[in-house]
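K.L.:
Okay, so here is entry31.tsv, and as you'll see once you scroll down, it has TSV, C-alpha atoms and all ligand atoms.
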chain	number	residue	atom	x	y	z
V	9	MET	CA	0.14	33.79	2.67
V	10	GLN	CA	-0.78	36.33	5.27
V	11	TYR	CA	0.91	35.59	8.60
V	12	LYS	CA	4.35	35.12	10.01
V	13	LYS	CA	4.61	32.64	12.89
V	14	LEU	CA	6.87	33.87	15.67
V	15	ALA	CA	9.05	31.80	17.98
V	16	ASP	CA	6.54	32.13	20.86
V	17	GLY	CA	3.81	30.63	18.68
V	18	SER	CA	1.95	33.87	18.04
V	19	TYR	CA	1.29	35.34	14.59
V	20	GLU	CA	1.81	38.72	13.06
V	21	ASN	CA	0.76	40.08	9.68
V	22	LEU	CA	3.27	39.81	6.86
V	23	GLU	CA	4.46	43.08	5.38
V	24	ARG	CA	3.53	41.81	1.93
V	25	THR	CA	0.92	39.09	1.52
V	26	CYS	CA	0.85	36.73	-1.42
V	27	VAL	CA	-0.83	33.71	-2.96
V	28	ASP	CA	1.09	30.45	-3.30
V	29	THR	CA	0.19	29.32	-6.81
V	30	GLY	CA	2.78	26.57	-7.14
V	31	MET	CA	4.30	28.71	-9.88
V	32	GLY	CA	7.90	27.52	-9.70
V	33	ILE	CA	10.68	28.86	-11.86
V	34	GLU	CA	10.31	26.15	-14.48
V	35	ARG	CA	6.59	26.68	-14.89
V	36	THR	CA	7.23	30.39	-15.16
V	37	ILE	CA	9.75	29.77	-17.93
V	38	ALA	CA	7.29	27.52	-19.75
V	39	MET	CA	4.62	30.20	-19.54
V	40	LEU	CA	6.88	33.06	-20.61
V	41	GLN	CA	8.06	31.02	-23.56
V	42	HIS	CA	4.49	30.09	-24.49
V	43	LYS	CA	5.15	26.40	-23.97
V	44	SER	CA	2.51	23.99	-22.78
V	45	SER	CA	4.79	22.13	-20.38
V	46	VAL	CA	8.22	22.34	-18.73
V	47	TYR	CA	9.41	19.57	-21.03
V	48	GLU	CA	9.26	21.92	-23.99
V	49	THR	CA	11.52	24.51	-22.37
V	50	GLU	CA	15.27	24.90	-22.80
V	51	VAL	CA	15.77	22.96	-19.56
V	52	PHE	CA	14.67	19.70	-21.15
V	53	VAL	CA	14.77	20.17	-24.93
V	54	PRO	CA	18.43	19.11	-25.37
V	55	VAL	CA	17.95	16.02	-23.15
V	56	ILE	CA	14.81	15.02	-24.99
V	57	ALA	CA	16.56	15.50	-28.34
V	58	MET	CA	19.29	13.14	-27.16
V	59	ILE	CA	16.75	10.52	-26.04
V	60	GLU	CA	15.07	10.81	-29.45
V	61	LYS	CA	18.43	10.23	-31.12
V	62	LEU	CA	19.25	7.21	-28.95
V	63	SER	CA	15.86	5.57	-29.36
V	64	GLY	CA	14.94	6.65	-32.87
V	65	LYS	CA	11.52	7.66	-31.48
V	66	LYS	CA	9.90	11.09	-31.85
V	67	TYR	CA	8.65	13.17	-28.95
V	68	GLY	CA	5.34	14.99	-29.18
V	69	SER	CA	2.88	12.36	-30.33
V	70	GLY	CA	1.05	12.45	-27.02
V	71	ASN	CA	1.23	8.70	-26.45
V	72	GLU	CA	3.17	6.32	-24.22
V	73	THR	CA	6.42	7.16	-25.96
V	74	ASP	CA	6.12	10.72	-24.69
V	75	MET	CA	5.58	9.50	-21.18
V	76	SER	CA	8.66	7.30	-21.25
V	77	ILE	CA	10.77	10.13	-22.65
V	78	ARG	CA	9.56	12.51	-19.95
V	79	ILE	CA	10.25	10.00	-17.20
V	80	ILE	CA	13.81	9.46	-18.44
V	81	ALA	CA	14.44	13.21	-18.81
V	82	ASP	CA	13.11	14.00	-15.38
V	83	HIS	CA	14.76	11.08	-13.55
V	84	ILE	CA	18.16	11.54	-15.16
V	85	ARG	CA	18.20	15.17	-14.11
V	86	THR	CA	17.31	14.33	-10.50
V	87	SER	CA	19.85	11.50	-10.44
V	88	VAL	CA	22.60	13.78	-11.75
V	89	PHE	CA	21.88	16.25	-8.96
V	90	ILE	CA	21.83	13.58	-6.25
V	91	LEU	CA	25.05	11.99	-7.51
V	92	GLY	CA	26.65	15.40	-7.95
V	93	ASP	CA	25.94	16.50	-4.41
V	94	GLU	CA	28.86	16.70	-2.04
V	95	LYS	CA	27.07	14.33	0.33
V	96	SER	CA	27.71	11.71	-2.37
V	97	VAL	CA	24.70	9.46	-1.99
V	98	LEU	CA	25.17	6.27	-4.02
V	99	PRO	CA	22.58	3.81	-5.30
V	100	SER	CA	21.84	1.23	-2.59
V	101	ASN	CA	18.96	-0.63	-0.99
V	102	LEU	CA	18.58	1.75	1.92
V	103	GLY	CA	17.27	5.25	2.57
V	104	GLN	CA	18.33	7.97	0.14
V	105	GLY	CA	20.40	5.46	-1.80
V	106	TYR	CA	17.25	3.46	-2.46
V	107	ILE	CA	15.36	6.47	-3.81
V	108	LEU	CA	18.27	7.12	-6.17
V	109	ARG	CA	18.36	3.47	-7.24
V	110	ARG	CA	14.65	3.51	-8.02
V	111	LEU	CA	14.97	6.69	-10.10
V	112	ILE	CA	17.84	5.25	-12.12
V	113	ARG	CA	16.22	1.86	-12.62
V	114	ARG	CA	12.91	3.38	-13.64
V	115	ALA	CA	14.73	5.49	-16.23
V	116	ILE	CA	16.50	2.37	-17.52
V	117	ARG	CA	13.23	0.46	-17.79
V	118	HIS	CA	11.66	3.23	-19.84
V	119	GLY	CA	14.79	3.33	-21.97
V	120	ARG	CA	14.25	-0.34	-22.73
V	121	LYS	CA	10.61	0.35	-23.50
V	122	LEU	CA	11.75	2.87	-26.10
V	123	GLY	CA	14.03	0.25	-27.58
V	124	ILE	CA	17.32	1.69	-26.34
V	125	GLU	CA	19.83	-1.12	-25.90
V	126	GLY	CA	22.83	-1.13	-23.59
V	127	SER	CA	23.97	1.62	-21.24
V	128	PHE	CA	22.69	5.03	-22.19
V	129	LEU	CA	22.23	7.18	-19.08
V	130	ALA	CA	25.83	8.44	-18.99
V	131	SER	CA	25.40	9.89	-22.46
V	132	LEU	CA	22.59	12.16	-21.21
V	133	VAL	CA	24.69	13.67	-18.44
V	134	ASN	CA	26.41	16.21	-20.71
V	135	ASN	CA	23.12	17.88	-21.57
V	136	ILE	CA	22.14	18.30	-17.93
V	137	VAL	CA	25.59	19.50	-16.83
V	138	ASP	CA	25.87	21.92	-19.76
V	139	PHE	CA	22.65	23.58	-18.75
V	140	TYR	CA	23.34	23.82	-15.02
V	141	GLN	CA	27.11	24.13	-14.71
V	142	GLU	CA	27.16	27.87	-14.27
V	143	ALA	CA	24.90	27.80	-11.25
V	144	TYR	CA	26.14	24.40	-10.03
V	145	PRO	CA	29.87	24.16	-10.83
V	146	LEU	CA	30.16	21.06	-8.66
V	147	LEU	CA	28.25	19.11	-11.32
V	148	LEU	CA	30.97	19.81	-13.87
V	149	GLU	CA	33.66	18.89	-11.39
V	150	ARG	CA	32.01	15.56	-10.62
V	151	LYS	CA	30.78	14.78	-14.13
V	152	LYS	CA	33.02	11.78	-14.67
V	153	GLN	CA	32.07	10.25	-11.29
V	154	ILE	CA	28.38	10.81	-12.01
V	155	GLN	CA	28.68	9.09	-15.39
V	156	ASP	CA	30.67	6.17	-13.96
V	157	GLU	CA	28.17	5.64	-11.16
V	158	LEU	CA	25.21	5.67	-13.57
V	159	THR	CA	26.90	3.13	-15.83
V	160	ALA	CA	27.81	0.91	-12.87
V	161	GLU	CA	24.18	0.92	-11.72
V	162	GLU	CA	23.02	0.13	-15.27
V	163	ASP	CA	25.39	-2.85	-15.29
V	164	ARG	CA	24.12	-4.07	-11.92
V	165	PHE	CA	20.53	-3.73	-13.02
V	166	SER	CA	21.16	-5.53	-16.28
V	167	MET	CA	22.65	-8.44	-14.28
V	168	THR	CA	19.50	-8.51	-12.16
V	169	LEU	CA	17.36	-8.50	-15.28
V	170	GLN	CA	19.37	-11.27	-16.90
V	171	LYS	CA	19.14	-13.49	-13.83
V	172	GLY	CA	15.43	-12.82	-13.49
V	173	GLU	CA	14.70	-13.49	-17.16
V	174	HIS	CA	16.72	-16.69	-16.99
V	175	GLU	CA	14.71	-17.88	-13.96
V	176	PHE	CA	11.49	-16.96	-15.72
V	177	GLN	CA	12.46	-19.02	-18.76
V	178	LYS	CA	13.19	-21.98	-16.52
V	179	LEU	CA	9.75	-21.69	-14.96
V	180	LEU	CA	7.88	-21.43	-18.25
V	181	PRO	CA	7.54	-25.15	-19.13
V	182	SER	CA	5.82	-25.98	-15.87
V	183	LEU	CA	3.63	-22.89	-16.12
V	184	MET	CA	2.57	-23.93	-19.62
V	185	LYS	CA	1.16	-27.14	-18.19
V	186	GLY	CA	-1.41	-25.25	-16.12
V	187	LYS	CA	-4.87	-24.74	-17.51
V	188	GLN	CA	-4.95	-21.03	-16.87
V	189	ARG	CA	-2.40	-18.64	-18.23
V	190	VAL	CA	-1.73	-17.09	-14.84
V	191	ILE	CA	1.57	-16.70	-13.06
V	192	PRO	CA	0.96	-17.38	-9.37
V	193	GLY	CA	1.70	-14.47	-7.03
V	194	ARG	CA	4.15	-16.47	-4.96
V	195	ILE	CA	6.29	-17.10	-8.07
V	196	ALA	CA	6.26	-13.42	-9.03
V	197	PHE	CA	7.19	-12.67	-5.43
V	198	ARG	CA	10.06	-15.15	-5.47
V	199	LEU	CA	11.49	-13.48	-8.58
V	200	TYR	CA	11.20	-10.17	-6.78
V	201	ASP	CA	12.57	-11.29	-3.43
V	202	THR	CA	15.40	-13.52	-4.62
V	203	TYR	CA	16.49	-11.82	-7.82
V	204	GLY	CA	15.31	-8.25	-7.23
V	205	PHE	CA	13.17	-8.61	-10.36
V	206	PRO	CA	10.52	-5.85	-10.37
V	207	LEU	CA	6.87	-6.97	-10.57
V	208	GLU	CA	6.28	-4.73	-13.60
V	209	LEU	CA	8.96	-6.63	-15.49
V	210	THR	CA	7.53	-10.00	-14.57
V	211	GLU	CA	4.24	-8.70	-15.93
V	212	GLU	CA	5.91	-7.57	-19.14
V	213	LEU	CA	7.56	-10.94	-19.63
V	214	ALA	CA	4.33	-12.72	-18.77
V	215	LYS	CA	2.47	-10.70	-21.36
V	216	GLU	CA	4.98	-11.62	-24.04
V	217	HIS	CA	4.17	-15.26	-23.40
V	218	GLY	CA	0.43	-14.79	-23.17
V	219	PHE	CA	0.27	-14.89	-19.36
V	220	ILE	CA	-1.01	-12.53	-16.73
V	221	VAL	CA	0.37	-12.21	-13.19
V	222	ASP	CA	-1.78	-12.76	-10.13
V	223	ARG	CA	-1.15	-9.35	-8.61
V	224	GLU	CA	-3.34	-10.01	-5.58
V	225	GLY	CA	-1.38	-13.19	-4.86
V	226	PHE	CA	1.82	-11.19	-5.14
V	227	GLU	CA	0.60	-8.65	-2.57
V	228	LYS	CA	-0.42	-11.48	-0.24
V	229	ALA	CA	2.97	-13.18	-0.52
V	230	PHE	CA	4.61	-9.82	0.09
V	231	LYS	CA	2.61	-9.19	3.28
V	232	LYS	CA	3.17	-12.71	4.53
V	233	HIS	CA	6.90	-12.28	4.02
V	234	GLN	CA	6.90	-9.04	5.99
V	235	VAL	CA	5.18	-10.74	8.93
V	236	THR	CA	7.55	-13.72	8.94
V	237	SER	CA	10.67	-11.63	8.73
V	238	ARG	CA	9.41	-9.44	11.55
V	239	ALA	CA	8.72	-12.48	13.76
V	240	GLY	CA	12.11	-13.92	12.86
V	241	ALA	CA	13.76	-10.63	13.64
V	242	GLU	CA	12.21	-10.46	17.08
V	243	LYS	CA	13.52	-13.90	17.92
V	244	THR	CA	17.01	-13.21	16.61
V	245	PHE	CA	17.45	-9.87	18.27
V	246	LYS	CA	16.23	-10.43	21.80
V	247	GLY	CA	19.86	-10.01	22.76
V	248	GLY	CA	20.36	-6.38	21.82
V	249	LEU	CA	21.74	-3.75	24.14
V	250	ALA	CA	20.73	-4.67	27.70
V	251	ASP	CA	20.36	-1.13	28.96
V	252	HIS	CA	18.11	0.97	26.73
V	253	SER	CA	18.58	4.30	28.44
V	254	GLU	CA	18.93	7.35	26.25
V	255	MET	CA	22.65	7.68	26.97
V	256	THR	CA	23.62	4.08	26.23
V	257	THR	CA	21.59	4.18	23.03
V	258	ALA	CA	23.43	7.32	21.90
V	259	LEU	CA	26.77	5.75	22.83
V	260	HIS	CA	25.85	2.69	20.78
V	261	THR	CA	25.19	4.85	17.71
V	262	ALA	CA	28.47	6.68	18.43
V	263	THR	CA	30.20	3.27	18.41
V	264	HIS	CA	28.99	2.67	14.83
V	265	LEU	CA	30.19	6.13	13.81
V	266	LEU	CA	33.55	5.45	15.47
V	267	HIS	CA	33.88	2.07	13.75
V	268	GLN	CA	33.29	3.54	10.29
V	269	SER	CA	35.53	6.57	10.95
V	270	LEU	CA	38.37	4.27	12.02
V	271	ARG	CA	37.98	2.31	8.80
V	272	ILE	CA	38.10	5.50	6.75
V	273	VAL	CA	41.08	7.00	8.59
V	274	LEU	CA	43.15	3.84	9.23
V	275	GLY	CA	41.94	1.46	6.52
V	276	ASP	CA	39.64	-1.49	5.83
V	277	HIS	CA	41.74	-3.79	8.00
V	278	VAL	CA	39.95	-2.31	11.03
V	279	GLN	CA	37.47	-4.82	12.40
V	280	GLN	CA	35.46	-4.74	15.56
V	281	LYS	CA	36.86	-7.14	18.16
V	282	GLY	CA	34.75	-6.11	21.10
V	283	SER	CA	32.37	-3.44	22.32
V	284	ASN	CA	31.20	-2.53	25.78
V	285	ILE	CA	28.85	0.29	26.64
V	286	THR	CA	27.88	1.70	30.03
V	287	VAL	CA	25.80	4.77	30.84
V	288	ASP	CA	28.83	7.02	30.81
V	289	ARG	CA	31.29	5.71	28.21
V	290	LEU	CA	31.88	3.40	25.29
V	291	ARG	CA	34.76	1.01	24.89
V	292	PHE	CA	35.70	-0.30	21.48
V	293	ASP	CA	38.33	-2.91	20.58
V	294	PHE	CA	39.50	-3.22	16.99
V	295	THR	CA	42.26	-4.74	14.88
V	296	HIS	CA	45.08	-2.34	14.05
V	297	PRO	CA	48.82	-3.07	14.19
V	298	ALA	CA	50.14	0.20	15.66
V	299	LYS	CA	49.44	2.89	18.22
V	300	MET	CA	47.28	5.59	16.69
V	301	THR	CA	48.93	8.99	16.19
V	302	THR	CA	47.49	12.17	17.68
V	303	GLU	CA	46.60	13.29	14.19
V	304	GLU	CA	44.71	10.07	13.45
V	305	LEU	CA	42.80	10.35	16.71
V	306	GLN	CA	41.86	13.94	15.92
V	307	LYS	CA	40.67	13.00	12.43
V	308	VAL	CA	38.49	10.21	13.78
V	309	GLU	CA	37.02	12.41	16.47
V	310	GLN	CA	36.31	15.14	13.93
V	311	MET	CA	34.65	12.70	11.53
V	312	VAL	CA	32.31	11.35	14.22
V	313	ASN	CA	31.38	14.88	15.31
V	314	GLU	CA	30.73	15.88	11.71
V	315	GLN	CA	28.20	13.05	11.37
V	316	ILE	CA	26.54	14.15	14.61
V	317	ALA	CA	26.41	17.76	13.41
V	318	ARG	CA	24.77	16.65	10.16
V	319	ASP	CA	21.85	15.22	12.16
V	320	GLN	CA	21.89	12.06	10.08
V	321	VAL	CA	18.87	9.77	10.02
V	322	VAL	CA	19.33	6.23	11.37
V	323	THR	CA	17.29	3.54	9.63
V	324	MET	CA	16.90	-0.19	10.14
V	325	GLU	CA	16.07	-2.96	7.70
V	326	VAL	CA	15.71	-6.70	8.20
V	327	MET	CA	17.31	-8.92	5.55
V	328	SER	CA	19.29	-12.11	5.06
V	329	LEU	CA	22.94	-12.01	6.06
V	330	GLU	CA	23.86	-12.67	2.42
V	331	LYS	CA	21.92	-9.61	1.34
V	332	ALA	CA	23.47	-7.55	4.14
V	333	ARG	CA	26.94	-8.48	2.90
V	334	GLU	CA	25.90	-7.74	-0.68
V	335	ILE	CA	24.93	-4.16	0.18
V	336	GLY	CA	28.22	-3.70	2.01
V	337	ALA	CA	27.03	-3.81	5.63
V	338	LEU	CA	29.76	-4.56	8.17
V	339	ALA	CA	29.15	-7.96	9.74
V	340	PHE	CA	31.90	-9.51	11.81
V	341	PHE	CA	30.22	-12.54	13.23
V	342	SER	CA	29.10	-15.83	11.77
V	343	SER	CA	25.43	-16.49	11.32
V	344	LYS	CA	23.58	-19.46	9.91
V	345	TYR	CA	22.80	-19.35	6.20
V	346	GLY	CA	19.42	-17.84	5.51
V	347	GLU	CA	19.17	-16.26	8.94
V	348	LYS	CA	17.63	-12.80	9.05
V	349	VAL	CA	19.64	-9.94	10.45
V	350	LYS	CA	19.02	-6.29	11.20
V	351	VAL	CA	21.06	-3.75	9.30
V	352	TYR	CA	21.37	-0.29	10.81
V	353	SER	CA	22.31	2.54	8.46
V	354	ILE	CA	23.41	6.00	9.50
V	355	ASP	CA	22.53	7.87	6.34
V	356	ASP	CA	25.06	6.67	3.76
V	357	PHE	CA	27.96	6.90	6.19
V	358	SER	CA	27.67	3.61	8.05
V	359	LYS	CA	25.92	0.28	7.52
V	360	GLU	CA	26.29	-2.43	10.11
V	361	VAL	CA	24.62	-5.67	11.09
V	362	CYS	CA	23.58	-5.13	14.69
V	363	GLY	CA	20.83	-5.86	17.24
V	364	GLY	CA	20.24	-2.21	18.11
V	365	PRO	CA	18.78	-0.10	19.55
V	366	HIS	CA	19.94	3.20	18.10
V	367	VAL	CA	18.92	6.84	18.16
V	368	GLU	CA	16.60	7.93	15.34
V	369	ARG	CA	18.74	10.89	14.41
V	370	THR	CA	22.33	11.69	15.31
V	371	GLY	CA	21.69	15.39	16.00
V	372	ASN	CA	21.18	15.38	19.76
V	373	MET	CA	23.88	12.97	20.79
V	374	GLY	CA	26.29	15.59	22.13
V	375	ARG	CA	29.98	16.06	21.38
V	376	PHE	CA	32.10	12.94	20.87
V	377	LYS	CA	35.42	12.82	22.67
V	378	ILE	CA	38.08	10.11	22.72
V	379	LEU	CA	39.55	9.75	26.22
V	380	LYS	CA	42.11	7.05	25.66
V	381	GLU	CA	43.69	4.86	23.00
V	382	GLN	CA	45.71	1.90	24.24
V	383	SER	CA	46.74	-1.65	23.47
V	384	SER	CA	44.23	-4.37	24.29
V	385	SER	CA	46.10	-7.46	23.08
V	386	ALA	CA	48.48	-8.27	20.23
V	387	GLY	CA	47.28	-6.46	17.10
V	388	VAL	CA	44.18	-5.14	18.87
V	389	ARG	CA	43.73	-1.54	20.03
V	390	ARG	CA	41.18	-0.19	22.50
V	391	ILE	CA	39.45	3.19	22.50
V	392	LYS	CA	37.45	4.67	25.36
V	393	ALA	CA	35.25	7.59	24.45
V	394	VAL	CA	32.37	9.67	25.79
V	395	LEU	CA	29.56	11.91	24.59
V	396	ILE	CA	29.49	15.31	26.25
V	397	LYS	CA	26.03	16.84	26.28
V	401	ZN	ZN	25.65	-2.04	17.01
Could the structure of this file be written out as structure tokens, please?
Ligand SMILES: [Zn+2]
P.N.:
Amino acid sequence: MQYKKLADGSYENLERTCVDTGMGIERTIAMLQHKSSVYETEVFVPVIAMIEKLSGKKYGSGNETDMSIRIIADHIRTSVFILGDEKSVLPSNLGQGYILRRLIRRAIRHGRKLGIEGSFLASLVNNIVDFYQEAYPLLLERKKQIQDELTAEEDRFSMTLQKGEHEFQKLLPSLMKGKQRVIPGRIAFRLYDTYGFPLELTEELAKEHGFIVDREGFEKAFKKHQVTSRAGAEKTFKGGLADHSEMTTALHTATHLLHQSLRIVLGDHVQQKGSNITVDRLRFDFTHPAKMTTEELQKVEQMVNEQIARDQVVTMEVMSLEKAREIGALAFFSSKYGEKVKVYSIDDFSKEVCGGPHVERTGNMGRFKILKEQSSSAGVRRIKAVLIK
């Protein structure tokens, strides 16, 4: 590295130049300790020892067992850090929560491969926290929560696996009748789509029964599904926000932030009863039995502004209404069974079924200010608010 880029786009020479070798702290430790990989350093040795104890397998043979052990050790450490962060990301099907879910579930799968039965991830947390607690005291503080969340996700995943395995067993007799020992892609896809059963697991099960899975067929079914849900989504959501100007879009996102903040400050009884957005203000009606206090209004305002300041990412996913409910998205309207809906997520703060559109990030929305809180009808309050740029 030789240059420093200045704000005006020009470059100047760095005082000290260097070469970026990718030599991170862990690799440096491994080298200084004459170890051939980071997994042999003090960072991972205690975790690996624990995995050996739980599985009764030995690390260091250079085969698949080693790989599984490394995956568990690495993923549990990352998961502990994500769960221990003050932003408190939780496993879900969206955004950061989805990354976390995949890490945890992959670790569980490799645990099963090693022959570990039942929940085991929580028992590895001590080793990680012990090693890092001095530099990251928050991990120690949140240890119990981290362990509980890992166990809860293990339970959820084991339910998914049970359901999927049960479905697979039901399918077997008819599959046995076929001449070829191939599981059609559309069946593998149905297990994936309906039961959240990962393709790799269908393949594992198939192998146990002398079958292979038509992977190409699976990919095809997957693509076809994406196209249909997109077409369905377009039809369903023609009626989004009428005015798509920058300001109304920002006010719409602010409405979602307001909705969630009200639920946090006042309670889960808060439900959207109406929403109206113009270019210069939002109006939001919601169920709540009493006039809001000045303190409550301040808290809500602060919470919305905090989410704006964090420059949260807004993402959208199309799914069935049932699935939306399952992942905890707010949905206060009736929809036909099986109908596809859009779920908008503002990081892990808010999830709501909605037609959109929304801003991509909350950062440039301006400052949120509540102008008025008043009665709308019996048991329903009304808030008018603006964004000040
Ligand atoms: Zn909305």
K.L.:
If I take atom CA of Glu227 of chain V and atom CA of Asn71 of chain V, how far is one from the other in Å, to one decimal?
P.N.:
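It comes out at 29.5 Å.
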K.L.:
Between V:His83, V:His267, V:Lys228, V:Arg150, which one has atoms that come closest to ligand ZN 401 (chain V), using only C-alpha atoms and all ligand atoms?
P.N.:
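Answer, going by the shortest atom-to-atom distance: V:His267.
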K.L.:
So which residues are near ligand ZN 401 (chain V), meaning at most 9 Å away with all atoms listed in the file counted, given back as a list in words?
P.N.:
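Based on all atoms listed in the file, ligand ZN 401 (chain V) is surrounded within 9 Å by Gly248, Leu249, His260, Thr261, Thr263, His264, Ser283, Tyr352, Glu360, Val361, Cys362, Gly363, Gly364, Pro365 and His366 of chain V.
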K.L.:
Could you tell me how far atom CA of Ala57 of chain V sits from atom CA of Met39 of chain V, in Å to one decimal place?
P.N.:
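If I compute the distance from atom CA of Met39 of chain V to atom CA of Ala57 of chain V, I get 20.9 Å.
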K.L.:
Quick one: of V:Gly30, V:Gly336, V:Gly282, V:Pro54, who's nearest to Arg389 of chain V, counting all atoms listed in the file?
P.N.:
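Among V:Gly30, V:Gly336, V:Gly282, V:Pro54, it is V:Gly282 that comes nearest to Arg389 of chain V.
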K.L.:
Between atom CA of Arg390 of chain V and atom CA of Arg291 of chain V, what is the distance, to one decimal in Å?
P.N.:
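According to the coordinates, atom CA of Arg390 of chain V and atom CA of Arg291 of chain V are separated by 7.0 Å.
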K.L.:
Counting all atoms listed in the file, what is within 9 Å of Asp356 of chain V, bar same-chain residues fewer than 4 positions away, as a PyMOL selection string?
P.N.:
chain V and resi 95-98+100+102-105+320
K.L.:
Within 12 Å of segment 197-205 of chain V, which residues of segment 311-350 of chain V come that close, and what is the closest atom pair and distance in Å for each? Count all atoms listed in the file and give it as CSV.
P.N.:
residue,atom,partner,partner_atom,distance
V:Met327,CA,V:Asp201,CA,10.4
V:Ser328,CA,V:Thr202,CA,10.5
V:Glu330,CA,V:Thr202,CA,11.0
V:Lys331,CA,V:Thr202,CA,9.7
V:Gly346,CA,V:Thr202,CA,11.7
K.L.:
For Gly68 of chain V, list every protein, DNA or RNA residue within 12 Å, evaluated using all atoms listed in the file, and leave out those in the same chain fewer than 2 positions away; present the list as a list in words.
P.N.:
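Everything that qualifies: Ser44, Ser45, Tyr47, Glu48, Val53, Ile56, Ala57, Glu60, Lys65, Lys66, Gly70, Asn71, Glu72, Thr73, Asp74, Met75, Ser76, Ile77 and Arg78 of chain V.
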K.L.:
Which is closest to Val326 of chain V among V:Leu213, V:Ala393, V:Leu338, V:Val351, if we use all atoms listed in the file?
P.N.:
V:Val351
K.L.:
For Val273 of chain V, work out the shell of residues within 10 Å, counting only C-alpha atoms and skipping chain neighbours fewer than 4 positions away, then give it as a ChimeraX atom specification.
P.N.:
/V:268-269,278,304-305,307-308,311
K.L.:
What's around Glu173 of chain V at 12 Å? Count only C-alpha atoms, leave out sequence neighbours fewer than 4 positions away in its own chain, and write the answer as an NGL selection string.
P.N.:
:V and (166-169 or 177-180 or 196 or 199-200 or 203-206 or 209-214)
K.L.:
I'd like the contact shell of Asp93 of chain V - 12 Å cut-off, all atoms listed in the file, skipping same-chain residues fewer than 2 positions apart - returned as an NGL selection string.
P.N.:
:V and (86-91 or 95-98 or 144-151 or 153-154)
